[in-house]
Amino acid sequence: MTMLFAAYVRTSTEDHQSPDDSRRWQLNVAEQLIGPHDGHVVAVYHDIDVSRSVPWARRPEASRLMIDAALPPTARPWQSLVVAEPQRAFSGNQFGLVFPVLAHYGVDLWVPEVGGRVDPESEAHDLVMSLFSGLSKAERNRLRIRTRAAMHALAAEGRWLGGRPNYGYRLIDTATVHPHPEQAAAGVHLRTLEPDPDTAGVVVRIFELFDAGLGYKAIARRLEGEGIPSPGRSGPDAIPARRGCGPAPRCERS
């Protein structure tokens, strides 16, 4: 008898994963699990760039999945749910919150960790799933700690951490080749900040005006009155100028 499944897939793009590739391999794993039981995936719920720490109710696709799960069995095209990698789907206590709801609506959950269907009456299955949810939360915490530590270490060395340079500075290449082998092979050099000759003087002026007792709105009006463009209007990522009436939001962009 053919079994019709929905698949839940989650892709984190913070470590530059390809959503298409991630979806493909997760569905591959899911099909290997349900294939021997004549199972077929007929619906995919794919959350992209959503942290595993976010509850299912606040994930766009996971919340849509739960709404569909609450429909009468005859009103949805699938009967069971397969999750290829529970550590991507559940973190902390999320499994304990989601699984009873699925069971209430008669939706079976299948995962590779138990070799198929999760049995609501099995303490062993509950222990395995709770363990993986705990490991998922621990992994996320380790990643956060490592990322922050790496950022502090790089900043202490004067390395640029990315993003748009602060107003008054510009990015330049240094003579140091990038330490990552792939980046080095591509000829990429480390980058650093230096004062921007076009805007560094404006920053000095802002501090002088502030020291003289002007507030930030008064400083902005003074500089705009002198024809000095705002930070959003300068640099390579400048916002296009508006025609007609200066900075007012109603003006038409050129």
# chains A, B, ... in the order shown; residues from 1 in each chain; ligands from 1
>>> select_by_dssp(residues="segment 35-179 of chain A", states="alpha helix (DSSP H)", output="MDAnalysis selection string")
chainID A and resid 60:69 86:89 94:104 123:156
>>> residues_around(residues="Ala175 of chain A", least_positions_apart="4", cutoff="9 Å", atoms="only C-alpha atoms", output="ChimeraX atom specification")
/A:189-191
>>> write_last_selection(atoms="N, CA and C atoms", output="compact mmCIF listing (two decimals), in the first residue's frame")
# COMPACT_ATOMS: atom_id res chain seq x y z
N HIS A 189 43.26 39.40 -0.68
CA HIS A 189 44.06 39.94 0.42
C HIS A 189 43.15 40.35 1.57
N LEU A 190 43.71 40.40 2.78
CA LEU A 190 42.95 40.91 3.91
C LEU A 190 42.65 42.38 3.69
N ARG A 191 41.54 42.83 4.24
CA ARG A 191 41.13 44.22 4.08
C ARG A 191 41.10 44.91 5.43
>>> closest_residue(among="A:Leu209, A:Ala57, A:Val202, A:Leu33", to="Pro229 of chain A", atoms="only C-alpha atoms")
A:Val202
>>> atom_distance(atom1="atom CA of Leu171 of chain A", atom2="atom CA of Leu193 of chain A")
4.8 Å
>>> closest_residue(among="A:Ile206, A:Val111, A:Ala153, A:Ala185", to="Gly168 of chain A", atoms="only C-alpha atoms")
A:Ile206
>>> atom_distance(atom1="atom CA of Tyr8 of chain A", atom2="atom CA of Arg117 of chain A")
14.7 Å
>>> select_by_dssp(residues="segment 9-235 of chain A", states="strand (DSSP E)", output="VMD selection string")
chain A and resid 9 to 11 39 to 48 80 to 83 108 to 111 116 to 117 169 to 177 189 to 195
>>> closest_residue(among="A:Arg76, A:Arg222, A:His125, A:Arg59", to="Leu109 of chain A", atoms="only C-alpha atoms")
A:His125
>>> closest_residue(among="A:Ser80, A:Val101, A:Ala220, A:Ile172", to="Val188 of chain A", atoms="only C-alpha atoms")
A:Ile172
>>> closest_residue(among="A:Trp160, A:Tyr169, A:Tyr105, A:Trp25", to="Gln79 of chain A", atoms="only C-alpha atoms")
A:Tyr105
>>> atom_distance(atom1="atom CA of Ala69 of chain A", atom2="atom CA of Ala84 of chain A")
18.2 Å
>>> closest_residue(among="A:Gly232, A:Glu121, A:Val98, A:Phe5", to="Arg164 of chain A", atoms="only C-alpha atoms")
A:Gly232
>>> residues_around(residues="Leu97 of chain A", least_positions_apart="6", cutoff="10 Å", atoms="only C-alpha atoms", output="mmCIF file with C-alpha atoms, in the first residue's frame")
data_model
loop_
_atom_site.group_PDB
_atom_site.id
_atom_site.type_symbol
_atom_site.label_atom_id
_atom_site.label_comp_id
_atom_site.auth_asym_id
_atom_site.auth_seq_id
_atom_site.Cartn_x
_atom_site.Cartn_y
_atom_site.Cartn_z
ATOM 1 C CA PRO A 55 9.630 27.864 17.610
ATOM 2 C CA TRP A 56 7.664 26.049 14.942
ATOM 3 C CA PHE A 90 13.973 20.360 16.556
#
